[in-house]
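Text of coords.txt (compact mmCIF, C-alpha atoms) as supplied:
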# COMPACT_ATOMS: atom_id res chain seq x y z
CA MET F 27 0.94 -20.20 -15.56
CA ALA F 28 3.34 -17.61 -16.98
CA ARG F 29 2.09 -14.05 -16.60
CA TRP F 30 2.23 -13.38 -20.35
CA LEU F 31 -0.05 -16.37 -21.03
CA ARG F 32 -2.90 -15.27 -18.74
CA PRO F 33 -4.29 -12.47 -20.93
CA LEU F 34 -4.16 -14.79 -23.94
CA VAL F 35 -6.01 -17.60 -22.16
CA GLY F 36 -8.55 -15.13 -20.78
CA ALA F 37 -9.13 -13.63 -24.20
CA LEU F 38 -9.70 -17.08 -25.71
CA LEU F 39 -12.28 -17.82 -23.02
CA LEU F 40 -14.10 -14.60 -23.85
CA LEU F 41 -14.19 -15.55 -27.53
CA GLU F 42 -16.56 -18.45 -26.78
CA GLY F 43 -19.36 -16.10 -27.84
CA ALA F 44 -19.62 -12.59 -29.19
CA ALA F 45 -22.23 -10.50 -27.41
CA ALA F 46 -24.31 -8.12 -29.49
CA LEU F 47 -23.12 -4.77 -28.18
CA SER F 48 -24.18 -1.24 -29.04
CA PHE F 49 -21.26 0.95 -30.08
CA LEU F 50 -23.00 4.30 -29.72
CA HIS F 51 -22.73 7.40 -27.58
CA HIS F 52 -25.56 7.39 -25.05
CA ARG F 53 -27.20 10.57 -23.77
CA TYR F 54 -28.69 10.37 -20.27
CA GLU F 55 -32.09 8.97 -21.32
CA GLU F 56 -30.42 6.46 -23.63
CA LEU F 57 -28.02 5.43 -20.88
CA VAL F 58 -30.92 4.77 -18.51
CA GLN F 59 -32.71 2.75 -21.21
CA ALA F 60 -29.56 0.70 -21.85
CA LEU F 61 -29.17 -0.14 -18.15
CA PHE F 62 -32.79 -1.20 -17.77
CA ARG F 63 -32.56 -3.23 -20.97
CA VAL F 64 -29.66 -5.22 -19.47
CA GLN F 65 -31.61 -5.67 -16.26
CA SER F 66 -34.64 -6.98 -18.15
CA GLN F 67 -32.49 -9.42 -20.11
CA CYS F 68 -30.73 -10.78 -17.00
CA PRO F 69 -33.28 -10.20 -14.21
CA TYR F 70 -32.01 -12.93 -11.89
CA VAL F 71 -28.41 -11.70 -11.68
CA THR F 72 -28.81 -7.91 -11.93
CA ARG F 73 -30.26 -5.01 -9.98
CA ILE F 74 -30.41 -1.28 -10.71
CA TYR F 75 -30.26 1.25 -7.91
CA SER F 76 -29.55 4.95 -7.58
CA ILE F 77 -27.09 6.34 -5.06
CA GLY F 78 -28.44 9.89 -5.37
CA ARG F 79 -28.92 12.70 -7.85
CA SER F 80 -26.72 15.18 -9.65
CA VAL F 81 -26.98 18.96 -9.29
CA GLU F 82 -29.57 19.02 -12.09
CA GLY F 83 -31.50 16.09 -10.67
CA ARG F 84 -30.27 13.20 -12.82
CA HIS F 85 -30.00 9.83 -11.08
CA LEU F 86 -26.57 8.37 -10.41
CA TYR F 87 -27.48 4.83 -11.41
CA VAL F 88 -25.55 1.68 -10.55
CA LEU F 89 -26.05 -1.70 -12.20
CA GLU F 90 -25.21 -4.62 -9.93
CA PHE F 91 -24.29 -8.14 -11.04
CA SER F 92 -24.58 -10.97 -8.49
CA ASP F 93 -26.19 -14.37 -8.13
CA TYR F 94 -28.11 -12.79 -5.23
CA PRO F 95 -28.66 -9.16 -6.32
CA GLY F 96 -29.13 -6.74 -3.47
CA ILE F 97 -27.65 -9.09 -0.88
CA HIS F 98 -24.14 -9.23 0.52
CA GLU F 99 -23.07 -12.83 0.84
CA PRO F 100 -20.40 -13.49 3.49
CA LEU F 101 -16.95 -14.02 1.97
CA GLU F 102 -18.08 -12.69 -1.43
CA PRO F 103 -16.10 -9.52 -2.22
CA GLU F 104 -17.65 -6.26 -3.44
CA PHE F 105 -16.15 -4.64 -6.55
CA LYS F 106 -16.97 -1.37 -8.33
CA TYR F 107 -16.30 0.49 -11.58
CA VAL F 108 -17.01 4.24 -11.84
CA GLY F 109 -17.03 6.04 -15.17
CA ASN F 110 -17.49 9.55 -16.56
CA MET F 111 -16.37 11.39 -13.42
CA HIS F 112 -15.24 14.11 -15.76
CA GLY F 113 -18.23 14.74 -18.01
CA ASN F 114 -16.22 15.16 -21.21
CA GLU F 115 -14.17 11.97 -20.70
CA VAL F 116 -16.71 9.63 -22.20
CA LEU F 117 -14.98 6.41 -23.24
CA GLY F 118 -15.26 4.91 -19.76
CA ARG F 119 -18.99 5.59 -19.76
CA GLU F 120 -19.48 3.69 -23.01
CA LEU F 121 -17.10 0.88 -22.04
CA LEU F 122 -19.04 0.25 -18.83
CA LEU F 123 -22.31 0.08 -20.74
CA GLN F 124 -20.68 -2.35 -23.16
CA LEU F 125 -19.26 -4.36 -20.24
CA SER F 126 -22.74 -4.56 -18.71
CA GLU F 127 -24.23 -5.84 -21.96
CA PHE F 128 -21.33 -8.26 -22.37
CA LEU F 129 -21.59 -9.74 -18.85
CA CYS F 130 -25.31 -10.28 -19.28
CA GLU F 131 -25.05 -11.85 -22.72
CA GLU F 132 -22.13 -14.11 -21.82
CA TYR F 133 -23.88 -15.24 -18.65
CA ARG F 134 -26.91 -16.18 -20.71
CA ARG F 135 -24.65 -18.06 -23.12
CA GLY F 136 -23.19 -20.07 -20.24
CA ASN F 137 -19.65 -18.67 -20.53
CA GLU F 138 -17.94 -20.48 -17.66
CA ARG F 139 -15.52 -17.69 -16.81
CA ILE F 140 -18.23 -15.01 -16.66
CA THR F 141 -20.60 -17.29 -14.75
CA HIS F 142 -17.99 -17.93 -12.07
CA LEU F 143 -17.19 -14.23 -11.89
CA ILE F 144 -20.83 -13.23 -11.30
CA HIS F 145 -21.45 -16.06 -8.83
CA ASP F 146 -18.32 -15.32 -6.80
CA THR F 147 -18.26 -11.50 -6.94
CA ARG F 148 -20.74 -8.71 -6.28
CA ILE F 149 -20.01 -6.27 -9.12
CA HIS F 150 -21.26 -2.67 -9.07
CA ILE F 151 -21.05 -0.63 -12.30
CA MET F 152 -21.70 3.14 -12.35
CA PRO F 153 -21.37 4.31 -15.97
CA SER F 154 -21.65 8.01 -15.14
CA MET F 155 -20.79 9.91 -11.98
CA ASN F 156 -21.23 13.25 -13.76
CA PRO F 157 -24.28 13.01 -16.05
CA ASP F 158 -24.75 16.81 -16.05
CA GLY F 159 -21.25 17.46 -17.35
CA TYR F 160 -21.69 14.77 -19.98
CA GLU F 161 -24.77 16.49 -21.41
CA VAL F 162 -22.77 19.71 -21.82
CA ALA F 163 -19.97 17.86 -23.60
CA ALA F 164 -22.37 15.83 -25.74
CA LYS F 165 -24.05 18.98 -27.07
CA GLN F 166 -20.69 19.97 -28.55
CA GLY F 167 -20.15 16.50 -29.95
CA PRO F 168 -16.87 14.64 -30.52
CA ASP F 169 -15.77 16.81 -33.45
CA SER F 170 -15.88 20.23 -31.78
CA ASN F 171 -15.66 19.34 -28.11
CA GLY F 172 -13.29 21.60 -26.19
CA TYR F 173 -10.69 20.04 -23.91
CA LEU F 174 -12.51 21.28 -20.79
CA THR F 175 -16.10 21.55 -22.08
CA GLY F 176 -18.31 19.55 -19.71
CA ARG F 177 -15.43 18.40 -17.52
CA ASN F 178 -16.96 19.81 -14.30
CA ASN F 179 -20.39 19.28 -12.80
CA ALA F 180 -23.26 21.76 -13.20
CA ASN F 181 -21.81 23.93 -10.41
CA GLY F 182 -18.51 24.19 -12.26
CA VAL F 183 -16.66 21.93 -9.80
CA ASP F 184 -14.11 19.28 -10.76
CA LEU F 185 -15.41 16.21 -8.91
CA ASN F 186 -11.95 14.64 -8.78
CA ARG F 187 -10.73 17.61 -6.73
CA ASN F 188 -13.76 17.62 -4.42
CA PHE F 189 -13.27 14.82 -1.87
CA PRO F 190 -12.16 15.62 1.69
CA ASP F 191 -8.38 16.07 1.79
CA LEU F 192 -7.36 13.08 3.89
CA ASN F 193 -3.83 13.04 2.44
CA THR F 194 -2.83 16.16 4.39
CA LEU F 195 -4.21 14.62 7.58
CA MET F 196 -2.38 11.38 6.81
CA TYR F 197 0.96 13.06 6.16
CA TYR F 198 0.69 14.97 9.44
CA SER F 199 -0.38 11.82 11.24
CA ARG F 200 2.56 9.92 9.77
CA GLU F 201 4.99 12.39 11.36
CA ILE F 202 3.60 11.46 14.78
CA SER F 203 3.35 7.73 13.92
CA GLY F 204 -0.42 7.92 13.49
CA PRO F 205 -2.61 5.80 11.20
CA ASN F 206 -2.91 6.04 7.42
CA HIS F 207 -6.18 4.17 7.20
CA HIS F 208 -9.82 4.83 8.12
CA ILE F 209 -9.01 8.47 8.77
CA PRO F 210 -12.13 10.23 10.14
CA LEU F 211 -13.77 12.92 8.04
CA PRO F 212 -13.68 16.59 9.09
CA ASP F 213 -16.77 17.75 10.98
CA ASN F 214 -17.86 20.12 8.21
CA TRP F 215 -17.13 17.87 5.24
CA LYS F 216 -20.71 17.71 3.92
CA SER F 217 -20.79 21.46 3.37
CA GLN F 218 -17.62 21.30 1.27
CA VAL F 219 -18.59 18.67 -1.32
CA GLU F 220 -20.91 18.55 -4.32
CA PRO F 221 -24.09 16.42 -4.44
CA GLU F 222 -22.38 13.85 -6.67
CA THR F 223 -19.40 13.60 -4.32
CA LEU F 224 -21.65 13.34 -1.28
CA ALA F 225 -23.60 10.52 -2.93
CA VAL F 226 -20.41 8.59 -3.72
CA ILE F 227 -19.01 9.01 -0.20
CA GLN F 228 -22.25 7.72 1.31
CA TRP F 229 -22.22 4.88 -1.22
CA ILE F 230 -18.72 3.68 -0.44
CA SER F 231 -19.48 4.01 3.27
CA SER F 232 -22.46 1.67 2.87
CA TYR F 233 -20.71 -1.17 1.01
CA ASN F 234 -17.51 -2.92 2.03
CA PHE F 235 -15.81 -2.48 -1.34
CA VAL F 236 -12.52 -4.32 -1.76
CA LEU F 237 -11.29 -3.23 -5.20
CA SER F 238 -12.26 -0.46 -7.61
CA ALA F 239 -11.25 1.50 -10.69
CA ASN F 240 -12.45 4.85 -11.98
CA LEU F 241 -12.26 5.40 -15.73
CA HIS F 242 -10.93 8.61 -17.28
CA GLY F 243 -9.57 9.84 -20.61
CA GLY F 244 -6.88 12.12 -22.03
CA ALA F 245 -4.01 9.66 -21.63
CA VAL F 246 -3.44 5.89 -21.74
CA VAL F 247 -2.03 4.66 -18.43
CA ALA F 248 -3.03 2.85 -15.24
CA ASN F 249 -2.48 5.27 -12.36
CA TYR F 250 -2.23 4.14 -8.72
CA PRO F 251 -2.03 5.93 -5.31
CA TYR F 252 -0.91 8.12 -3.85
CA ASP F 253 -2.11 10.87 -6.18
CA LYS F 254 -0.99 13.64 -3.85
CA SER F 255 2.63 14.15 -2.84
CA GLN F 256 3.49 15.42 0.61
CA ASP F 257 4.96 18.61 -0.89
CA GLN F 258 2.40 19.33 -3.58
CA ARG F 259 3.89 22.54 -4.90
CA PHE F 260 7.44 23.81 -4.94
CA ARG F 261 8.21 27.39 -5.95
CA SER F 262 4.90 27.73 -7.82
CA HIS F 263 5.61 24.69 -10.02
CA ARG F 264 4.20 21.22 -9.80
CA ARG F 265 6.67 18.95 -8.13
CA THR F 266 6.50 15.34 -9.29
CA VAL F 267 7.69 13.00 -6.56
CA ASN F 268 7.00 9.27 -6.41
CA THR F 269 4.73 8.91 -3.38
CA PRO F 270 4.08 5.23 -2.64
CA THR F 271 1.51 3.75 -0.30
CA PRO F 272 2.40 0.95 2.13
CA ASP F 273 0.81 -1.34 -0.51
CA ASP F 274 2.91 0.03 -3.37
CA LYS F 275 3.98 -3.34 -4.82
CA LEU F 276 0.41 -4.59 -4.72
CA PHE F 277 -0.86 -1.44 -6.46
CA GLN F 278 1.78 -1.85 -9.15
CA LYS F 279 0.62 -5.41 -9.72
CA LEU F 280 -3.02 -4.31 -9.96
CA ALA F 281 -2.12 -1.59 -12.46
CA LYS F 282 -0.02 -3.99 -14.54
CA THR F 283 -2.87 -6.48 -14.62
CA TYR F 284 -4.95 -3.94 -16.52
CA SER F 285 -2.08 -2.56 -18.56
CA TYR F 286 -0.85 -5.92 -19.87
CA ALA F 287 -4.37 -7.19 -20.58
CA HIS F 288 -5.02 -4.02 -22.62
CA SER F 289 -4.08 -4.14 -26.29
CA TRP F 290 -1.50 -1.36 -26.18
CA MET F 291 -1.39 0.35 -22.77
CA HIS F 292 1.57 -1.76 -21.61
CA ARG F 293 3.75 -0.57 -24.51
CA GLY F 294 4.30 2.70 -22.66
CA TRP F 295 4.33 5.17 -25.54
CA ASN F 296 0.85 6.71 -25.83
CA CYS F 297 -0.50 10.21 -26.44
CA GLY F 298 3.02 11.64 -26.58
CA ASP F 299 3.88 10.36 -23.08
CA TYR F 300 5.91 7.38 -21.93
CA PHE F 301 5.04 5.30 -18.87
CA ALA F 302 7.08 2.16 -18.26
CA ASP F 303 4.77 -0.89 -18.37
CA GLY F 304 1.90 1.52 -18.98
CA ILE F 305 1.56 2.38 -15.29
CA THR F 306 2.44 5.30 -13.03
CA ASN F 307 2.30 6.41 -9.44
CA GLY F 308 -0.14 9.33 -9.44
CA ALA F 309 2.06 11.85 -7.64
CA SER F 310 5.02 10.84 -9.79
CA TRP F 311 3.00 11.97 -12.81
CA TYR F 312 1.56 15.10 -11.20
CA SER F 313 0.29 15.83 -7.72
CA LEU F 314 -3.48 15.90 -7.34
CA SER F 315 -5.31 17.00 -4.19
CA LYS F 316 -8.73 15.76 -2.99
CA GLY F 317 -8.91 12.94 -5.52
CA MET F 318 -11.21 9.94 -5.33
CA GLN F 319 -8.68 7.10 -5.47
CA ASP F 320 -6.66 8.34 -2.49
CA PHE F 321 -9.89 8.95 -0.59
CA ASN F 322 -10.94 5.32 -1.12
CA TYR F 323 -7.65 4.03 0.25
CA LEU F 324 -7.47 6.39 3.23
CA TYR F 325 -11.11 6.24 4.31
CA THR F 326 -12.37 2.76 3.41
CA ASN F 327 -11.13 -0.78 2.83
CA CYS F 328 -11.18 -0.22 -0.94
CA PHE F 329 -8.08 -0.28 -3.14
CA GLU F 330 -8.77 1.94 -6.16
CA ILE F 331 -6.76 2.83 -9.25
CA THR F 332 -7.47 5.36 -12.01
CA LEU F 333 -7.56 4.15 -15.61
CA GLU F 334 -6.76 6.69 -18.32
CA LEU F 335 -8.08 4.97 -21.43
CA SER F 336 -7.86 7.19 -24.52
CA CYS F 337 -5.89 10.10 -25.93
CA ASN F 338 -9.14 11.51 -27.28
CA LYS F 339 -11.48 12.37 -24.43
CA PHE F 340 -14.57 12.14 -26.65
CA PRO F 341 -13.74 9.56 -29.36
CA PRO F 342 -16.03 9.28 -32.38
CA GLU F 343 -18.54 6.44 -32.50
CA GLU F 344 -16.62 4.64 -35.23
CA ASP F 345 -13.73 4.19 -32.75
CA LEU F 346 -15.84 2.68 -29.94
CA GLU F 347 -15.73 -0.91 -31.15
CA ARG F 348 -11.93 -0.85 -31.49
CA GLN F 349 -11.65 0.61 -28.00
CA TRP F 350 -13.97 -2.06 -26.61
CA MET F 351 -11.86 -4.82 -28.10
CA ALA F 352 -8.75 -3.21 -26.63
CA ASN F 353 -10.26 -2.99 -23.13
CA ARG F 354 -12.57 -6.02 -22.92
CA GLU F 355 -10.13 -8.53 -21.48
CA ALA F 356 -8.58 -5.92 -19.19
CA LEU F 357 -11.95 -4.95 -17.71
CA VAL F 358 -12.72 -8.58 -16.87
CA ALA F 359 -9.21 -9.46 -15.69
CA PHE F 360 -9.16 -6.49 -13.31
CA ILE F 361 -12.40 -7.61 -11.64
CA GLU F 362 -10.81 -11.02 -11.10
CA GLU F 363 -8.00 -9.35 -9.13
CA VAL F 364 -10.44 -8.95 -6.22
CA HIS F 365 -9.94 -12.68 -5.60
CA GLN F 366 -6.43 -12.68 -4.13
CA GLY F 367 -4.75 -12.34 -0.75
CA ILE F 368 -6.64 -13.56 2.30
CA LYS F 369 -10.23 -13.47 3.44
CA GLY F 370 -12.23 -14.96 6.28
CA MET F 371 -14.60 -14.45 9.17
CA VAL F 372 -13.89 -12.71 12.45
CA SER F 373 -16.23 -14.11 15.10
CA ASP F 374 -16.63 -14.49 18.83
CA GLU F 375 -16.66 -17.77 20.76
CA ASN F 376 -20.34 -18.24 19.87
CA ASN F 377 -19.60 -17.85 16.14
CA ASN F 378 -21.25 -14.43 15.96
CA GLY F 379 -19.57 -12.17 13.41
CA ILE F 380 -17.65 -9.20 14.78
CA ALA F 381 -18.06 -6.05 12.69
CA GLY F 382 -15.28 -3.48 12.57
CA ALA F 383 -12.52 -5.88 13.66
CA VAL F 384 -9.10 -4.60 12.60
CA ILE F 385 -6.95 -6.82 10.37
CA SER F 386 -3.26 -5.90 10.54
CA VAL F 387 -0.48 -7.38 8.42
CA GLN F 388 3.01 -7.26 9.88
CA GLY F 389 5.30 -5.14 7.74
CA ILE F 390 2.46 -3.32 5.91
CA SER F 391 1.29 -0.29 7.87
CA HIS F 392 -2.21 -0.16 6.43
CA ASP F 393 -5.07 -1.96 8.16
CA ILE F 394 -8.49 -2.99 6.92
CA THR F 395 -11.63 -3.83 8.91
CA SER F 396 -14.27 -6.53 8.86
CA GLY F 397 -17.72 -5.81 7.43
CA ASP F 398 -21.11 -5.87 9.11
CA MET F 399 -21.26 -9.68 9.03
CA GLY F 400 -17.72 -10.09 10.33
CA ASP F 401 -16.17 -11.05 6.99
CA TYR F 402 -12.98 -9.36 5.80
CA PHE F 403 -10.94 -9.22 2.59
CA ARG F 404 -7.25 -8.27 2.55
CA LEU F 405 -5.60 -8.02 -0.88
CA LEU F 406 -2.00 -9.29 -0.73
CA LEU F 407 0.71 -10.47 -3.09
CA PRO F 408 1.87 -14.10 -2.87
CA GLY F 409 4.04 -14.69 0.19
CA THR F 410 3.98 -15.58 3.87
CA TYR F 411 2.42 -13.09 6.27
CA THR F 412 1.83 -12.62 9.99
CA VAL F 413 -1.71 -11.36 10.42
CA THR F 414 -3.46 -10.10 13.55
CA ALA F 415 -7.19 -9.61 14.14
CA SER F 416 -8.24 -7.36 17.01
CA ALA F 417 -11.50 -5.88 18.25
CA GLU F 418 -12.53 -3.86 21.26
CA GLY F 419 -13.39 -6.12 24.18
CA TYR F 420 -11.58 -9.14 22.72
CA GLN F 421 -8.11 -10.61 22.97
CA PRO F 422 -6.17 -10.13 19.70
CA LEU F 423 -5.24 -13.23 17.73
CA THR F 424 -2.19 -13.58 15.48
CA VAL F 425 -1.59 -16.24 12.84
CA THR F 426 0.93 -16.90 10.09
CA THR F 427 -0.41 -17.76 6.67
CA THR F 428 0.88 -18.27 3.15
CA VAL F 429 -0.77 -16.63 0.15
CA GLY F 430 -0.59 -18.34 -3.22
CA PRO F 431 -0.81 -16.87 -6.73
CA ALA F 432 -4.37 -18.00 -7.40
CA ALA F 433 -7.39 -18.02 -5.09
CA PRO F 434 -7.30 -16.18 -1.75
CA SER F 435 -6.29 -18.09 1.37
CA LEU F 436 -9.11 -18.62 3.84
CA VAL F 437 -8.08 -17.42 7.32
CA HIS F 438 -10.73 -17.28 10.06
CA PHE F 439 -10.30 -15.62 13.44
CA GLN F 440 -12.30 -16.62 16.53
CA LEU F 441 -11.61 -14.06 19.22
CA LYS F 442 -11.98 -14.63 22.95
CA GLN F 443 -13.44 -11.95 25.14
CA GLU F 444 -11.03 -10.11 27.40
CA VAL F 445 -11.09 -11.25 31.00
CA VAL F 446 -12.76 -8.62 33.16
CA ARG F 447 -11.19 -8.43 36.59
CA LYS F 448 -13.28 -7.98 39.71
CA PRO F 449 -13.18 -4.51 41.31
CA ALA F 450 -11.13 -5.74 44.26
CA GLU F 451 -8.55 -7.29 41.94
CA ARG F 452 -8.33 -4.11 39.87
CA LYS F 453 -7.86 -2.04 43.04
CA ALA F 454 -5.15 -4.31 44.36
CA SER F 455 -3.40 -4.35 41.02
CA GLY F 456 -3.68 -0.58 40.81
CA THR F 457 -2.16 -0.24 44.29
CA ARG F 458 0.79 -2.41 43.31
CA MET F 459 1.36 -0.39 40.14
CA ASN F 460 1.12 2.85 42.07
CA ASN F 461 3.64 1.61 44.62
CA LYS F 462 6.05 0.66 41.82
CA ALA F 463 5.58 4.03 40.22
CA LEU F 464 6.23 5.76 43.51
CA GLN F 465 9.38 3.72 44.03
CA LYS F 466 10.66 4.99 40.69
CA LYS F 467 9.76 8.57 41.46
CA VAL F 468 11.12 8.72 45.01
CA VAL F 469 14.82 9.37 44.41
CA PRO F 470 17.19 10.78 47.06
CA ARG F 471 17.62 14.55 46.75
CA ALA F 472 21.37 14.29 46.25
CA THR F 473 20.90 11.85 43.38
CA ARG F 474 18.33 14.09 41.71
CA ARG F 475 20.66 17.06 41.96
CA GLY F 476 23.51 15.02 40.50
CA THR F 477 21.60 13.97 37.37
CA GLN F 478 20.56 17.49 36.37
CA ARG F 479 22.47 19.12 33.51
What does this structure look like when you write it as structure tokens?
Amino acid sequence: MARWLRPLVGALLLLEGAAALSFLHHRYEELVQALFRVQSQCPYVTRIYSIGRSVEGRHLYVLEFSDYPGIHEPLEPEFKYVGNMHGNEVLGRELLLQLSEFLCEEYRRGNERITHLIHDTRIHIMPSMNPDGYEVAAKQGPDSNGYLTGRNNANGVDLNRNFPDLNTLMYYSREISGPNHHIPLPDNWKSQVEPETLAVIQWISSYNFVLSANLHGGAVVANYPYDKSQDQRFRSHRRTVNTPTPDDKLFQKLAKTYSYAHSWMHRGWNCGDYFADGITNGASWYSLSKGMQDFNYLYTNCFEITLELSCNKFPPEEDLERQWMANREALVAFIEEVHQGIKGMVSDENNNGIAGAVISVQGISHDITSGDMGDYFRLLLPGTYTVTASAEGYQPLTVTTTVGPAAPSLVHFQLKQEVVRKPAERKASGTRMNNKALQKKVVPRATRRGTQR
């Protein structure tokens, strides 16, 4: 199917029924009520849980959609949306509440597309990562809200500048041919982050998320990693340099999926800025340190982009329905992007899943790992790939597979344990290697003198 037809077909599928949505701004108590109302209306496919509390003690609630809520099913990918990271950027918060109501209502109506999505995906929706900042912004209201009022959390910290700086470690590591994935956290990282950031880091460490987006406001563009350039500042001015990841083409495709499914993002001209196709590399726009989307990519298996959704950070209520209609298809289409590339099980010879197995794709220097049950998910563009699975104590296995444009290819790996030599064999082998090494090192004195400069 032609790319330009997909948003149209998807939108027609969503028009099978019109869910009764609430186009209102929700304070914290109203947000909680809205989430629990959805859960009560769709009790068999939803679950509400809290990942922690804000500085002022408000829960950071997540609404989960799944045919088995609370359970990870092998080979079913985990997806997340995070809104309202900046307290005064509120459209994402309301869109995620509307999306939650919509998914529930359409599932109850029997919408085939939404039913398949919920049955085949475990979807986690966090409407507000910064409920304290939102309350500050909401007191001002949309008419008199300052550009920065309520942006930070209750401690005055910008949460999107508060994650451990793994980019600097990655850029240094890259110079010595080190990894750019699953970079370990600094020893003192917990003392350097806010309660909301700590809760999110522990959350994304507990679930094997595959794809994610965090929703912001102040511009209209789909922004993808890296957010931080290697040379962040140059002579006291921001230096904008395109800084691609090893998965740059895939990230561009993910960003375009949202942009072209959105009513006007793809046109490029919005809020006085121009972004071709409605997308941008983060560092090419401006360099940002300690951001959440880069942290996801460098620390976990999750591919995250940042969605800037409105020129007005706190749009009036009368604009919420128009914004929902502009974003509805894009929000659904982006979740569907989690179903591409390859996925499968990594197991031993007894069919026991191997957790933490490394999945490497030749030509793309960014690895992912298998989850607790041994299942893995590797997002890839259509093409033919050479893929290797490896795990400590097992012989690596390499296969060649072709990825199509639709559903992910199923590629399983059954690894054999490494052969453990007997002590006598290891000693004999070691002696032979030592003798060879000695032969190389023992060079006549005259020859050694002759080769010196």
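Distance annotation: of F:Val437, F:Asn353, F:Gln166, F:Lys282, the residue with the minimal separation from F:Leu122 is F:Asn353; atom set is only C-alpha atoms.
For F:Lys216, the list of residues within 12 Å, based on only C-alpha atoms and with local chain neighbours fewer than 3 positions off taken out, reads Asn188, Phe189, Pro190, Leu211, Pro212, Asp213, Val219, Glu220, Pro221, Glu222, Thr223, Leu224, Ala225, Val226, Ile227 and Gln228 of chain F.
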**OP:** Go through F:Tyr70, F:Tyr252, F:Phe62, F:Tyr94 one by one, measure the shortest atom-to-atom distance of each to F:Thr194 using only C-alpha atoms, and give the residue with the smallest value.
**Re:**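 Checking each candidate against F:Thr194, we get F:Tyr252 as the closest.
Atom pair atom CA of F:Asn186 / atom CA of F:Phe329: separated by 16.4 Å.
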**OP:** Would you mind telling me which residue in F:Tyr197, F:Trp215, F:Tyr286, F:Tyr312 lies nearest to F:Tyr250 when using only C-alpha atoms?
**Re:** F:Tyr312
**OP:** One decimal, Å: what's the distance from atom CA of F:Gly244 over to atom CA of F:Glu334, could you say?
**Re:**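 We find that atom CA of F:Gly244 and atom CA of F:Glu334 lie 6.6 Å from each other.
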**OP:** Enter the distance from atom CA of F:Pro95 to atom CA of F:Arg73, in Å, rounded to one decimal.
**Re:**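 Result for atom CA of F:Pro95 versus atom CA of F:Arg73: 5.8 Å, one decimal.
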**OP:** Pull the neighbourhood of (-13.2, -15.4, 5.3) for me: all residues within 6 Å in file coordinates, counting all atoms listed in the file, as number ranges by chain.
**Re:** F: 101, 369-371, 401, 436-438
**OP:** Rank F:Leu241, F:Ile149, F:Ile77, F:Val71 by their smallest atom-to-atom distance to F:Val364, using only C-alpha atoms, and report the top residue only.
**Re:**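 Of F:Leu241, F:Ile149, F:Ile77, F:Val71, the one nearest F:Val364, counting only C-alpha atoms, is F:Ile149.
Counting only C-alpha atoms, the residue from F:Asp253, F:Asp273, F:Asp146, F:Glu330 that sits nearest to F:Val108 is F:Glu330.
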Exercise on stretch 305-324 of chain F, axis-aligned box with 5 Å per side, report centre and edge lengths in Å to one decimal, as JSON:
{"center_x": -3.1, "center_y": 9.7, "center_z": -6.0, "size_x": 26.2, "size_y": 24.6, "size_z": 28.5}
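Residue nearest F:Ile385 within the list F:Phe105, F:Phe439, F:Phe301, F:Tyr323: F:Phe439 [criterion: smallest interatomic distance, all atoms listed in the file].
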Compile a residue-level contact table for stretch 299-418 of chain F against stretch 425-433 of chain F at a cut-off of 12 Å, reporting for every qualifying residue the shortest atom pair and its distance in Å to one decimal, with only C-alpha atoms counted, rows ordered by chain and ascending number, as a Markdown table.
| residue | atom | partner | partner_atom | distance |
| --- | --- | --- | --- | --- |
| F:Glu362 | CA | F:Ala433 | CA | 9.8 |
| F:Glu363 | CA | F:Ala432 | CA | 9.5 |
| F:Val364 | CA | F:Ala433 | CA | 9.6 |
| F:His365 | CA | F:Ala433 | CA | 5.9 |
| F:Gln366 | CA | F:Ala433 | CA | 5.5 |
| F:Gly367 | CA | F:Val429 | CA | 5.9 |
| F:Ile368 | CA | F:Val429 | CA | 7.0 |
| F:Lys369 | CA | F:Ala433 | CA | 10.1 |
| F:Ile385 | CA | F:Val425 | CA | 11.1 |
| F:Ser386 | CA | F:Val425 | CA | 10.7 |
| F:Val387 | CA | F:Thr426 | CA | 9.8 |
| F:Gln388 | CA | F:Thr426 | CA | 9.9 |
| F:Arg404 | CA | F:Val429 | CA | 10.8 |
| F:Leu405 | CA | F:Val429 | CA | 9.9 |
| F:Leu406 | CA | F:Val429 | CA | 7.5 |
| F:Leu407 | CA | F:Val429 | CA | 7.1 |
| F:Pro408 | CA | F:Val429 | CA | 4.7 |
| F:Gly409 | CA | F:Val429 | CA | 5.2 |
| F:Thr410 | CA | F:Thr428 | CA | 4.2 |
| F:Tyr411 | CA | F:Thr427 | CA | 5.5 |
| F:Thr412 | CA | F:Thr426 | CA | 4.4 |
| F:Val413 | CA | F:Val425 | CA | 5.4 |
| F:Thr414 | CA | F:Val425 | CA | 6.5 |
| F:Ala415 | CA | F:Val425 | CA | 8.8 |
| F:Ser416 | CA | F:Val425 | CA | 11.9 |
Anything within 7 Å of (-28.3, -2.7, -19.7): list those residues as a PDB file with C-alpha atoms, in the frame of the given file, counting only C-alpha atoms and sticking to the file's coordinates.
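Saved file selection-v6.pdb follows:
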ATOM      1  CA  ALA F  60     -29.560   0.700 -21.850  1.00  0.00           C
ATOM      2  CA  LEU F  61     -29.170  -0.140 -18.150  1.00  0.00           C
ATOM      3  CA  PHE F  62     -32.790  -1.200 -17.770  1.00  0.00           C
ATOM      4  CA  ARG F  63     -32.560  -3.230 -20.970  1.00  0.00           C
ATOM      5  CA  VAL F  64     -29.660  -5.220 -19.470  1.00  0.00           C
ATOM      6  CA  GLN F  65     -31.610  -5.670 -16.260  1.00  0.00           C
ATOM      7  CA  LEU F 123     -22.310   0.080 -20.740  1.00  0.00           C
ATOM      8  CA  SER F 126     -22.740  -4.560 -18.710  1.00  0.00           C
ATOM      9  CA  GLU F 127     -24.230  -5.840 -21.960  1.00  0.00           C
TER      10      GLU F 127
END
